[in-house]
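Raw contents of upload27.cif, mmCIF, C-alpha atoms:
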```cif
data_my_file
loop_
_atom_site.label_atom_id
_atom_site.label_comp_id
_atom_site.auth_asym_id
_atom_site.auth_seq_id
_atom_site.Cartn_x
_atom_site.Cartn_y
_atom_site.Cartn_z
CA MET A 23 0.00 0.00 0.00
CA ASN A 24 1.34 3.43 -0.95
CA THR A 25 1.36 5.54 2.24
CA LYS A 26 2.90 8.65 0.63
CA ASN A 27 -0.02 9.20 -1.81
CA PRO A 28 -3.05 7.60 -0.18
CA GLN A 29 -5.97 7.12 -2.54
CA LEU A 30 -9.08 9.30 -2.19
CA GLN A 31 -12.49 7.73 -2.31
CA ILE A 32 -14.92 10.34 -3.68
CA PHE A 33 -18.36 10.50 -5.27
CA VAL A 34 -19.04 12.21 -8.59
CA GLU A 35 -22.57 13.29 -9.62
CA ALA A 36 -23.84 15.01 -12.75
CA PRO A 37 -27.54 15.94 -12.35
CA ASP A 38 -27.52 18.20 -15.45
CA LEU A 39 -26.39 15.25 -17.61
CA GLN A 40 -28.76 12.77 -15.90
CA VAL A 41 -25.79 10.49 -15.15
CA PRO A 42 -25.97 8.28 -12.04
CA THR A 43 -23.58 8.99 -9.15
CA HIS A 44 -20.20 7.23 -9.36
CA ALA A 45 -18.03 6.12 -6.43
CA LEU A 46 -14.36 6.44 -7.43
CA THR A 47 -10.98 5.82 -5.82
CA LEU A 48 -8.52 8.33 -7.29
CA ASP A 49 -5.00 9.64 -6.96
CA PRO A 50 -4.94 13.00 -5.10
CA ASN A 51 -2.61 14.42 -7.75
CA LEU A 52 -5.09 13.76 -10.57
CA SER A 53 -6.26 16.94 -12.31
CA LEU A 54 -9.91 17.64 -12.72
CA ARG A 55 -9.55 17.80 -16.48
CA HIS A 56 -8.20 14.26 -16.58
CA LEU A 57 -11.06 13.23 -14.35
CA LYS A 58 -13.56 14.63 -16.90
CA LEU A 59 -11.76 12.76 -19.69
CA SER A 60 -12.08 9.51 -17.81
CA LEU A 61 -15.77 9.99 -17.12
CA LEU A 62 -17.13 11.50 -20.33
CA PRO A 63 -16.93 10.52 -23.97
CA GLN A 64 -14.71 12.50 -26.30
CA THR A 65 -17.68 13.71 -28.33
CA LEU A 66 -18.73 16.12 -25.60
CA ASN A 67 -17.28 19.61 -25.33
CA LEU A 68 -15.38 19.37 -22.07
CA ASP A 69 -14.97 23.14 -21.80
CA SER A 70 -18.71 23.49 -21.36
CA LEU A 71 -18.54 21.38 -18.16
CA PHE A 72 -16.96 22.20 -14.80
CA PHE A 73 -16.74 20.71 -11.32
CA THR A 74 -18.11 22.32 -8.16
CA PHE A 75 -17.38 21.44 -4.55
CA ASN A 76 -19.57 22.75 -1.74
CA GLY A 77 -21.02 25.33 -4.15
CA ARG A 78 -17.55 26.52 -5.25
CA SER A 79 -16.49 26.15 -8.89
CA LEU A 80 -13.14 24.42 -9.49
CA SER A 81 -10.58 25.04 -12.23
CA ASP A 82 -9.82 22.21 -14.65
CA SER A 83 -6.07 22.58 -14.06
CA ALA A 84 -6.41 22.10 -10.30
CA THR A 85 -5.74 18.69 -8.72
CA LEU A 86 -7.85 16.95 -6.14
CA ARG A 87 -5.30 17.78 -3.46
CA ASN A 88 -5.06 21.47 -4.38
CA SER A 89 -8.83 21.72 -4.43
CA ARG A 90 -8.86 20.55 -0.77
CA ILE A 91 -11.09 17.65 -1.56
CA THR A 92 -11.15 15.14 1.28
CA SER A 93 -12.11 11.51 1.28
CA LEU A 94 -15.80 10.68 0.88
CA SER A 95 -16.48 14.13 -0.59
CA THR A 96 -18.91 14.67 -3.45
CA LEU A 97 -17.96 16.49 -6.64
CA THR A 98 -20.74 17.86 -8.84
CA LEU A 99 -20.32 18.16 -12.59
CA ARG A 100 -22.21 21.11 -14.01
CA ILE A 101 -22.93 22.52 -17.49
CA ARG A 102 -21.56 26.01 -18.06
CA LEU A 103 -24.36 28.21 -19.40
CA PRO A 104 -23.38 30.73 -22.10
CA GLY A 105 -23.16 34.26 -20.77
CA GLY A 106 -23.47 33.12 -17.16
CA GLY A 107 -20.96 33.63 -14.41
CA GLY A 108 -17.79 31.75 -13.68
CA ASP A 109 -15.78 33.28 -16.54
CA GLY A 110 -14.56 36.34 -14.66
CA GLY A 111 -17.22 38.62 -16.10
CA ALA A 112 -19.51 38.75 -13.09
CA THR A 113 -19.52 37.82 -9.44
CA GLY A 114 -22.24 36.44 -7.26
CA ALA A 115 -22.60 39.76 -5.45
CA GLU A 116 -23.17 41.63 -8.68
CA SER A 117 -25.84 39.16 -9.77
CA ARG A 118 -27.57 39.50 -6.43
CA ASP A 119 -27.62 43.30 -6.70
CA CYS A 120 -29.14 43.06 -10.16
CA TYR A 121 -32.00 40.94 -8.85
CA LEU A 122 -32.56 43.23 -5.87
CA ASN A 123 -32.66 46.35 -8.07
CA MET A 124 -34.99 44.65 -10.51
CA TYR A 125 -37.59 43.90 -7.84
CA ALA A 126 -37.02 47.12 -5.87
CA VAL A 127 -38.64 49.25 -8.59
CA LYS A 128 -42.33 48.45 -8.87
CA LYS A 129 -43.38 48.18 -12.47
CA PRO A 130 -46.84 49.45 -13.45
CA ASP A 131 -49.40 46.73 -13.92
CA LYS A 132 -50.23 45.90 -17.49
CA VAL A 133 -53.72 46.98 -18.46
CA ASP A 134 -55.82 44.49 -20.35
CA PRO A 135 -57.05 46.31 -23.49
CA ASN A 136 -60.35 44.39 -23.40
CA GLU A 137 -61.05 45.50 -19.84
CA GLN A 138 -60.14 49.07 -20.73
CA ARG A 139 -62.52 48.99 -23.69
CA LEU A 140 -65.40 47.54 -21.64
CA SER A 141 -64.87 50.11 -18.89
CA LYS A 142 -65.14 52.95 -21.41
CA TRP A 143 -68.41 51.66 -22.85
CA LEU A 144 -70.13 50.26 -19.75
CA ASN A 145 -69.13 52.81 -17.09
CA CYS A 146 -69.64 56.51 -16.49
CA ALA A 147 -66.73 58.57 -17.85
CA LEU A 148 -66.77 60.69 -14.69
CA SER A 149 -67.46 58.36 -11.74
CA ASN A 150 -66.40 55.07 -13.43
CA GLU A 151 -69.57 53.50 -12.05
CA PRO A 152 -71.77 51.23 -14.23
CA LEU A 153 -74.13 53.16 -16.49
CA LYS A 154 -77.71 53.38 -15.28
CA HIS A 155 -80.64 55.52 -16.38
CA PRO A 156 -80.77 58.45 -16.72
CA VAL A 157 -77.70 58.55 -18.99
CA VAL A 158 -76.43 61.57 -20.95
CA VAL A 159 -73.77 62.02 -23.63
CA ASP A 160 -71.79 65.14 -24.53
CA LEU A 161 -71.16 66.40 -28.05
CA LEU A 162 -67.84 64.51 -28.13
CA GLY A 163 -69.41 61.10 -27.44
CA ASN A 164 -68.54 60.63 -23.73
CA LEU A 165 -71.14 58.80 -21.62
CA PHE A 166 -72.14 59.97 -18.14
CA ASN A 167 -74.55 59.06 -15.40
CA LYS A 168 -76.69 62.21 -15.14
CA GLN A 169 -76.63 62.23 -11.34
CA ALA A 170 -72.83 62.07 -11.15
CA LEU A 171 -72.51 64.85 -13.73
CA VAL A 172 -74.96 67.15 -11.93
CA GLU A 173 -73.11 66.65 -8.63
CA ALA A 174 -69.79 67.49 -10.31
CA LEU A 175 -71.27 70.62 -11.93
CA LEU A 176 -72.78 71.84 -8.66
CA GLY A 177 -69.56 71.18 -6.75
CA LYS A 178 -67.41 72.61 -9.57
CA LYS A 179 -65.33 69.42 -9.57
CA LEU A 180 -65.45 68.70 -13.29
CA PRO A 181 -62.02 67.59 -14.63
CA LYS A 182 -60.25 69.70 -17.26
CA ALA A 183 -60.84 66.98 -19.83
CA PHE A 184 -64.55 67.90 -19.71
CA CYS A 185 -64.13 71.69 -19.54
CA HIS A 186 -66.34 72.05 -22.64
CA ILE A 187 -69.36 71.07 -20.49
CA LYS A 188 -70.86 74.19 -18.92
CA GLY A 189 -74.24 72.73 -17.98
CA LEU A 190 -76.92 70.25 -18.91
CA LYS A 191 -77.69 72.34 -22.01
CA ASP A 192 -74.45 70.95 -23.46
CA MET A 193 -75.62 67.36 -22.93
CA ILE A 194 -77.95 64.99 -24.79
CA GLY A 195 -80.23 62.66 -22.89
CA VAL A 196 -79.89 59.18 -24.42
CA GLN A 197 -82.08 56.09 -24.25
CA LEU A 198 -80.04 52.87 -24.04
CA SER A 199 -81.95 49.69 -24.88
CA VAL A 200 -81.51 47.01 -22.22
CA ILE A 201 -80.93 43.43 -23.35
CA PRO A 202 -84.12 41.42 -22.67
CA GLY A 203 -83.78 39.49 -19.42
CA LEU A 204 -81.13 41.81 -17.95
CA GLU A 205 -83.44 44.60 -16.84
CA SER A 206 -82.48 44.10 -13.19
CA GLU A 207 -80.06 41.16 -13.23
CA GLY A 208 -76.91 42.99 -14.36
CA GLU A 209 -77.71 46.46 -13.00
CA GLY A 210 -74.79 47.92 -11.08
CA VAL A 211 -72.47 45.00 -11.89
CA ILE A 212 -69.09 45.99 -13.31
CA GLY A 213 -68.07 44.39 -16.61
CA VAL A 214 -71.54 43.10 -17.56
CA THR A 215 -72.90 44.21 -20.94
CA ARG A 216 -76.52 45.24 -20.38
CA PHE A 217 -77.33 47.29 -23.49
CA GLU A 218 -77.78 46.56 -27.18
CA CYS A 219 -78.96 48.10 -30.45
CA PRO A 220 -82.77 47.85 -30.53
CA ILE A 221 -82.71 47.22 -34.30
CA SER A 222 -79.72 44.95 -35.06
CA GLY A 223 -79.30 43.41 -31.59
CA LEU A 224 -75.54 44.15 -31.50
CA GLU A 225 -74.18 44.42 -27.96
CA PHE A 226 -73.12 47.82 -26.64
CA ASN A 227 -69.58 46.72 -25.63
CA GLY A 228 -67.18 48.68 -27.85
CA LYS A 229 -66.78 46.08 -30.58
CA TYR A 230 -69.25 47.88 -32.81
CA LYS A 231 -69.80 51.52 -33.73
CA PHE A 232 -72.83 53.28 -32.21
CA PHE A 233 -74.48 56.67 -32.77
CA ALA A 234 -76.62 58.81 -30.46
CA LEU A 235 -79.28 60.85 -32.26
CA ARG A 236 -79.56 64.40 -30.94
CA SER A 237 -83.13 64.79 -32.18
CA CYS A 238 -84.62 62.01 -30.03
CA GLY A 239 -81.80 60.51 -27.92
CA HIS A 240 -82.04 56.93 -29.20
CA VAL A 241 -78.76 54.99 -29.49
CA LEU A 242 -78.43 52.88 -32.65
CA SER A 243 -75.61 50.88 -34.18
CA ALA A 244 -73.91 52.06 -37.36
CA LYS A 245 -74.83 48.75 -38.97
CA ALA A 246 -78.56 49.36 -38.42
CA LEU A 247 -78.39 52.89 -39.84
CA LYS A 248 -76.44 51.63 -42.85
CA GLU A 249 -78.71 48.71 -43.69
CA VAL A 250 -81.96 50.61 -43.12
CA LYS A 251 -81.35 53.88 -44.91
CA SER A 252 -83.75 56.46 -43.54
CA SER A 253 -83.76 60.10 -42.47
CA ALA A 254 -85.96 59.22 -39.49
CA CYS A 255 -85.14 57.39 -36.27
CA LEU A 256 -85.72 53.66 -36.64
CA VAL A 257 -87.35 53.51 -33.19
CA CYS A 258 -89.54 56.62 -32.83
CA HIS A 259 -89.52 57.74 -36.52
CA LYS A 260 -88.48 61.29 -35.63
CA GLU A 261 -86.63 63.10 -38.41
CA PHE A 262 -82.89 63.81 -38.06
CA VAL A 263 -80.05 65.16 -40.18
CA GLU A 264 -76.48 63.92 -40.56
CA SER A 265 -75.16 66.49 -38.07
CA ASP A 266 -77.50 65.05 -35.41
CA LYS A 267 -75.47 61.80 -35.29
CA VAL A 268 -72.95 61.76 -32.40
CA VAL A 269 -70.36 58.96 -32.46
CA ILE A 270 -70.14 57.30 -29.05
CA ASN A 271 -66.55 56.77 -27.82
CA GLY A 272 -65.18 57.52 -31.27
CA SER A 273 -61.59 57.43 -32.46
CA GLU A 274 -59.23 60.41 -32.18
CA GLU A 275 -60.07 61.48 -35.72
CA GLU A 276 -63.83 61.25 -35.10
CA VAL A 277 -63.54 63.19 -31.83
CA ALA A 278 -61.54 65.92 -33.62
CA VAL A 279 -64.29 66.27 -36.24
CA MET A 280 -67.03 66.47 -33.57
CA ARG A 281 -65.01 69.02 -31.57
CA GLU A 282 -64.68 71.23 -34.64
CA ARG A 283 -68.42 70.94 -35.29
CA MET A 284 -69.16 71.82 -31.66
CA GLU A 285 -67.01 74.97 -31.86
CA GLU A 286 -68.76 76.00 -35.08
CA GLU A 287 -72.16 75.67 -33.41
CA LYS A 288 -71.01 77.84 -30.51
CA VAL A 289 -69.84 80.54 -32.93
CA LYS A 290 -73.20 80.47 -34.73
CA VAL A 291 -75.11 80.88 -31.46
CA ARG A 292 -72.86 83.77 -30.45
CA ASP A 293 -73.33 85.51 -33.81
CA LYS A 294 -77.10 85.07 -33.60
CA LYS A 295 -77.21 86.79 -30.23
CA THR A 296 -75.07 89.63 -31.58
CA ARG A 297 -77.44 90.17 -34.54
CA LYS A 298 -80.45 90.27 -32.23
CA ALA A 299 -78.81 92.96 -30.12
CA LYS A 300 -78.07 95.06 -33.20
CA ASN A 301 -81.66 94.77 -34.48
CA GLY A 302 -83.07 96.14 -31.24
CA ASP A 303 -84.42 92.85 -29.87
CA VAL A 304 -82.37 93.36 -26.73
CA VAL A 305 -83.34 96.70 -25.09
CA ASP A 306 -81.43 98.21 -22.19
CA LYS A 307 -83.62 98.75 -19.15
CA ALA A 308 -83.96 102.38 -18.03
CA MET A 309 -86.11 104.43 -15.69
CA VAL A 310 -88.63 106.73 -17.38
CA LYS A 311 -89.89 109.81 -15.57
CA VAL A 312 -93.21 111.20 -16.76
CA GLU A 313 -94.43 114.65 -15.77
CA GLY A 314 -98.01 115.36 -14.73
CA ASN A 315 -98.93 116.65 -18.19
CA GLY A 316 -98.08 113.28 -19.76
CA LYS A 317 -94.79 114.40 -21.33
CA VAL A 318 -91.45 112.70 -20.82
CA ALA A 319 -89.12 114.76 -18.67
CA ASN A 320 -85.84 115.99 -20.16
CA GLY A 321 -83.82 113.86 -17.77
CA GLY A 322 -85.82 110.73 -18.52
CA ALA A 323 -84.53 107.95 -20.75
CA LEU A 324 -86.39 105.53 -22.95
CA GLY A 325 -85.37 102.44 -24.85
CA LYS A 326 -84.38 102.41 -28.47
CA GLY A 327 -87.07 103.56 -30.90
CA VAL A 328 -88.82 105.82 -28.29
CA THR A 329 -88.29 109.60 -28.36
CA ASN A 330 -89.25 112.34 -25.92
CA GLY A 331 -92.82 113.61 -26.43
CA SER A 332 -96.40 113.02 -25.41
CA VAL A 333 -97.27 109.71 -23.84
CA LYS A 334 -100.81 108.43 -24.32
CA ARG A 335 -102.53 108.23 -20.96
CA PHE A 336 -104.45 105.14 -19.99
CA LYS A 337 -108.26 105.30 -20.01
CA ALA A 338 -110.43 102.65 -18.43
CA ALA A 339 -113.05 103.05 -21.16
CA ASP A 340 -110.52 101.85 -23.74
CA ARG A 341 -110.34 98.48 -22.00
CA ALA A 342 -114.06 97.95 -21.43
CA PRO A 343 -115.15 94.31 -21.78
CA ALA A 344 -117.58 93.16 -24.43
CA ASN A 345 -121.30 93.99 -24.00
CA ALA A 346 -120.44 96.71 -21.47
CA THR A 347 -121.14 100.43 -21.68
CA LYS A 348 -117.88 102.39 -21.68
CA GLU A 349 -119.25 105.19 -19.47
CA VAL A 350 -120.56 102.77 -16.86
CA TYR A 351 -117.34 100.73 -16.88
CA ALA A 352 -115.21 103.86 -16.57
CA SER A 353 -117.28 105.16 -13.62
CA ILE A 354 -116.14 102.19 -11.57
CA PHE A 355 -112.61 103.58 -11.48
CA THR A 356 -113.08 107.38 -11.66
CA SER A 357 -115.52 110.12 -12.56
CA SER A 358 -115.90 110.11 -16.32
CA ARG A 359 -117.66 113.56 -16.65
CA LYS A 360 -117.40 116.86 -14.93
CA SER A 361 -120.23 118.02 -12.71
CA ASP A 362 -122.61 120.48 -14.39
CA PHE A 363 -124.30 121.73 -11.19
CA LYS A 364 -123.29 124.35 -8.65
CA GLU A 365 -123.74 124.40 -4.92
CA THR A 366 -125.01 127.59 -3.11
CA TYR A 367 -125.09 128.69 0.51
CA SER A 368 -128.81 127.93 0.87
CA CYS A 369 -129.19 124.60 -0.88
CA ARG A 370 -127.30 121.76 -2.34
CA SER A 371 -128.36 120.82 -5.83
CA LEU A 372 -127.83 117.21 -6.60
CA PRO A 373 -127.92 115.84 -10.15
CA LEU A 374 -130.66 113.49 -11.11
CA GLY A 375 -129.78 110.00 -10.11
CA ARG A 376 -127.59 110.96 -7.13
CA ASN A 377 -130.30 112.07 -4.67
#
```

Written as structure tokens, how would this file's structure read?
Amino acid sequence: MNTKNPQLQIFVEAPDLQVPTHALTLDPNLSLRHLKLSLLPQTLNLDSLFFTFNGRSLSDSATLRNSRITSLSTLTLRIRLPGGGGDGGATGAESRDCYLNMYAVKKPDKVDPNEQRLSKWLNCALSNEPLKHPVVVDLLGNLFNKQALVEALLGKKLPKAFCHIKGLKDMIGVQLSVIPGLESEGEGVIGVTRFECPISGLEFNGKYKFFALRSCGHVLSAKALKEVKSSACLVCHKEFVESDKVVINGSEEEVAVMRERMEEEKVKVRDKKTRKAKNGDVVDKAMVKVEGNGKVANGGALGKGVTNGSVKRFKAADRAPANATKEVYASIFTSSRKSDFKETYSCRSLPLGRN
């Protein structure tokens, strides 16, 4: 027995290669590369494999003795992953810091586009609560619960995105058709489609294009209006024009067109008011002082179209009702004729009919 170089009995395992564990008796001066050559076929790339001991990677040029491997120890043969550690490019500490930094910053949750679409079509654009009657829509196609909108207007808490809404006069009351059987079942439930087109039966869930008619408030699908060509509402038969159609939750291009049309309507209303003021339909209020002789005083002021001069005094006889004598009707309010008798110191003459 050689006492100077006692043999080492070790175990070799290779879980990555699905090779069973080997029990070997080896020379302590044997290099790890020679050990790989004795265990593996020549067809394998030996550089892609390396030994580890107690979690520490070992160099192929090191011997069993230099690696401080004792008897009955277990060597593990691993596959070197491309770009991984162990080649001097990265240390374990650096890898650990990378993982810690990656999880330290919270990434925003990914939004499901389907859920975002359903929320836009089924919920109020202001309160994000499920739509329920009464429902209104603005001229840009945004849907609101009327109660939530009124509360925001009264509290002056309307977001800047809806600054074009000044009051309920800027809104259109719409009539959404409930799917038969869901009148009360899906009310108030988030994510449940409760409305449909009353003509085509298409669900009101954002997959199809819908219009709100300003003339009557009915909400119809674009498919129904295309297939049944008519200038009247398909539900109530009320006439409408092309400008009465408001696209609900339209694209950016459609919203831009509707915004331009809305601004044009505001300009027309403003010009109409200006023309009325110029034509004298709007008269400034002023105090008019009338003297006892029925003439307007010099300091008095009248509205447009009225000049200083005589003012016709009111007479009760001019407003006598039908089948009534003017003199009798006027006597109810004041004396209509001057007295033609004279009183003396000795008697009082009374006119006939008053004694």

Can you pull out the residues contacting region 133-138 of chain A? Cut-off 12 Å, using all atoms listed in the file, and skip same-chain residues under 6 positions away; I want them as a list in words.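 Selected residues are Leu144, Asn145, Ala147, Asn150, Ile212, Gly213, Val214, Thr215, Asn227, Gly228 and Lys229 of chain A.
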
Expected selection from the PyMOL selection byres ((chain A and resi 97) around 8), given as an MDAnalysis selection string: chainID A and resid 32:35 73:75 95:96 98:99

Output C-alpha atoms for every residue in that selection, as a short mmCIF file (atom, residue, chain, number, x, y, z; two decimals), in the frame of the given file.
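Produced file selection_28.cif, reproduced below:
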```
data_model
loop_
_atom_site.label_atom_id
_atom_site.label_comp_id
_atom_site.auth_asym_id
_atom_site.auth_seq_id
_atom_site.Cartn_x
_atom_site.Cartn_y
_atom_site.Cartn_z
CA ILE A 32 -14.92 10.34 -3.68
CA PHE A 33 -18.36 10.50 -5.27
CA VAL A 34 -19.04 12.21 -8.59
CA GLU A 35 -22.57 13.29 -9.62
CA PHE A 73 -16.74 20.71 -11.32
CA THR A 74 -18.11 22.32 -8.16
CA PHE A 75 -17.38 21.44 -4.55
CA SER A 95 -16.48 14.13 -0.59
CA THR A 96 -18.91 14.67 -3.45
CA THR A 98 -20.74 17.86 -8.84
CA LEU A 99 -20.32 18.16 -12.59
#
```

What is the CA of Ile270 (chain A)-CA of Leu176 (chain A) distance in Å, reported with one decimal?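 The value is 25.2 Å.
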
Name the residues that the PyMOL selection byres ((chain A and resi 255) around 12) pulls out of this structure, and write them as a VMD selection string. chain A and resid 220 to 221 233 to 243 246 to 247 250 to 254 256 to 264 266 to 267

Grab the residues selected above and save them as a PDB file, in the frame of the given file with C-alpha atoms.
```pdb
ATOM      1  CA  PRO A 220     -82.770  47.850 -30.530  1.00  0.00           C
ATOM      2  CA  ILE A 221     -82.710  47.220 -34.300  1.00  0.00           C
ATOM      3  CA  PHE A 233     -74.480  56.670 -32.770  1.00  0.00           C
ATOM      4  CA  ALA A 234     -76.620  58.810 -30.460  1.00  0.00           C
ATOM      5  CA  LEU A 235     -79.280  60.850 -32.260  1.00  0.00           C
ATOM      6  CA  ARG A 236     -79.560  64.400 -30.940  1.00  0.00           C
ATOM      7  CA  SER A 237     -83.130  64.790 -32.180  1.00  0.00           C
ATOM      8  CA  CYS A 238     -84.620  62.010 -30.030  1.00  0.00           C
ATOM      9  CA  GLY A 239     -81.800  60.510 -27.920  1.00  0.00           C
ATOM     10  CA  HIS A 240     -82.040  56.930 -29.200  1.00  0.00           C
ATOM     11  CA  VAL A 241     -78.760  54.990 -29.490  1.00  0.00           C
ATOM     12  CA  LEU A 242     -78.430  52.880 -32.650  1.00  0.00           C
ATOM     13  CA  SER A 243     -75.610  50.880 -34.180  1.00  0.00           C
ATOM     14  CA  ALA A 246     -78.560  49.360 -38.420  1.00  0.00           C
ATOM     15  CA  LEU A 247     -78.390  52.890 -39.840  1.00  0.00           C
ATOM     16  CA  VAL A 250     -81.960  50.610 -43.120  1.00  0.00           C
ATOM     17  CA  LYS A 251     -81.350  53.880 -44.910  1.00  0.00           C
ATOM     18  CA  SER A 252     -83.750  56.460 -43.540  1.00  0.00           C
ATOM     19  CA  SER A 253     -83.760  60.100 -42.470  1.00  0.00           C
ATOM     20  CA  ALA A 254     -85.960  59.220 -39.490  1.00  0.00           C
ATOM     21  CA  LEU A 256     -85.720  53.660 -36.640  1.00  0.00           C
ATOM     22  CA  VAL A 257     -87.350  53.510 -33.190  1.00  0.00           C
ATOM     23  CA  CYS A 258     -89.540  56.620 -32.830  1.00  0.00           C
ATOM     24  CA  HIS A 259     -89.520  57.740 -36.520  1.00  0.00           C
ATOM     25  CA  LYS A 260     -88.480  61.290 -35.630  1.00  0.00           C
ATOM     26  CA  GLU A 261     -86.630  63.100 -38.410  1.00  0.00           C
ATOM     27  CA  PHE A 262     -82.890  63.810 -38.060  1.00  0.00           C
ATOM     28  CA  VAL A 263     -80.050  65.160 -40.180  1.00  0.00           C
ATOM     29  CA  GLU A 264     -76.480  63.920 -40.560  1.00  0.00           C
ATOM     30  CA  ASP A 266     -77.500  65.050 -35.410  1.00  0.00           C
ATOM     31  CA  LYS A 267     -75.470  61.800 -35.290  1.00  0.00           C
TER      32      LYS A 267
END
```

Mind giving me the straight-line distance from CA of Gly223 (chain A) to CA of Met280 (chain A) in Å, one decimal?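 Computed distance, CA of Gly223 (chain A) to CA of Met280 (chain A), equals 26.2 Å.
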
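Counting all atoms listed in the file, the residue from A:Arg216, A:Gly77, A:Ser93, A:Thr85 that sits nearest to Leu46 (chain A) is A:Ser93.
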
I need every residue sitting at most 10 Å from the point (-4.9, 21.0, -16.7) (coordinates as in the file, all atoms listed in the file considered), written as an MDAnalysis selection string. chainID A and resid 52:56 81:85

Same residues, C-alpha atoms, saved as a PDB file, in the coordinates of the input:
```pdb
ATOM      1  CA  LEU A  52      -5.090  13.760 -10.570  1.00  0.00           C
ATOM      2  CA  SER A  53      -6.260  16.940 -12.310  1.00  0.00           C
ATOM      3  CA  LEU A  54      -9.910  17.640 -12.720  1.00  0.00           C
ATOM      4  CA  ARG A  55      -9.550  17.800 -16.480  1.00  0.00           C
ATOM      5  CA  HIS A  56      -8.200  14.260 -16.580  1.00  0.00           C
ATOM      6  CA  SER A  81     -10.580  25.040 -12.230  1.00  0.00           C
ATOM      7  CA  ASP A  82      -9.820  22.210 -14.650  1.00  0.00           C
ATOM      8  CA  SER A  83      -6.070  22.580 -14.060  1.00  0.00           C
ATOM      9  CA  ALA A  84      -6.410  22.100 -10.300  1.00  0.00           C
ATOM     10  CA  THR A  85      -5.740  18.690  -8.720  1.00  0.00           C
TER      11      THR A  85
END
```

I need the residue set behind the PyMOL selection byres ((chain A and resi 187-189) around 12) for this file; please write it as a tab-separated table (two decimals) with C-alpha atoms, in the frame of the given file.
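What landed in selection.tsv:
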```tsv
chain	number	residue	atom	x	y	z
A	158	VAL	CA	-76.43	61.57	-20.95
A	159	VAL	CA	-73.77	62.02	-23.63
A	160	ASP	CA	-71.79	65.14	-24.53
A	161	LEU	CA	-71.16	66.40	-28.05
A	162	LEU	CA	-67.84	64.51	-28.13
A	164	ASN	CA	-68.54	60.63	-23.73
A	166	PHE	CA	-72.14	59.97	-18.14
A	168	LYS	CA	-76.69	62.21	-15.14
A	171	LEU	CA	-72.51	64.85	-13.73
A	172	VAL	CA	-74.96	67.15	-11.93
A	173	GLU	CA	-73.11	66.65	-8.63
A	174	ALA	CA	-69.79	67.49	-10.31
A	175	LEU	CA	-71.27	70.62	-11.93
A	176	LEU	CA	-72.78	71.84	-8.66
A	178	LYS	CA	-67.41	72.61	-9.57
A	179	LYS	CA	-65.33	69.42	-9.57
A	180	LEU	CA	-65.45	68.70	-13.29
A	181	PRO	CA	-62.02	67.59	-14.63
A	182	LYS	CA	-60.25	69.70	-17.26
A	183	ALA	CA	-60.84	66.98	-19.83
A	184	PHE	CA	-64.55	67.90	-19.71
A	185	CYS	CA	-64.13	71.69	-19.54
A	186	HIS	CA	-66.34	72.05	-22.64
A	190	LEU	CA	-76.92	70.25	-18.91
A	191	LYS	CA	-77.69	72.34	-22.01
A	192	ASP	CA	-74.45	70.95	-23.46
A	193	MET	CA	-75.62	67.36	-22.93
A	194	ILE	CA	-77.95	64.99	-24.79
A	284	MET	CA	-69.16	71.82	-31.66
```

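For the atom pair formed by CA of Lys288 (chain A) and CA of His155 (chain A), the distance is 28.1 Å, given to one decimal.
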
Listed atoms of region 264-276 of chain A boxed along x, y and z, 3 Å each side, centre and edge lengths in Å, one decimal, as AutoDock Vina command-line options:
```
--center_x -68.4 --center_y 61.6 --center_z -34.2 --size_x 24.3 --size_y 15.7 --size_z 18.7
```

Contact residues around Ala244 (chain A) with only C-alpha atoms at 9 Å, ignoring same-chain residues under 5 positions, as a list in words: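 Residues meeting the cut-off are Tyr230, Lys231, Phe232, Phe233 and Glu249 of chain A.
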
For the selection you just gave me, I'd like the residues written to a file as an mmCIF file, in the coordinates of the input, keeping C-alpha atoms.
```
data_model
loop_
_atom_site.group_PDB
_atom_site.id
_atom_site.type_symbol
_atom_site.label_atom_id
_atom_site.label_comp_id
_atom_site.auth_asym_id
_atom_site.auth_seq_id
_atom_site.Cartn_x
_atom_site.Cartn_y
_atom_site.Cartn_z
ATOM 1 C CA TYR A 230 -69.250 47.880 -32.810
ATOM 2 C CA LYS A 231 -69.800 51.520 -33.730
ATOM 3 C CA PHE A 232 -72.830 53.280 -32.210
ATOM 4 C CA PHE A 233 -74.480 56.670 -32.770
ATOM 5 C CA GLU A 249 -78.710 48.710 -43.690
#
```

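Restricting the calculation to all atoms listed in the file, the smallest distance between Phe217 (chain A) and any of A:Ala36, A:Leu165, A:Leu153, A:Val41 is found for A:Leu153.
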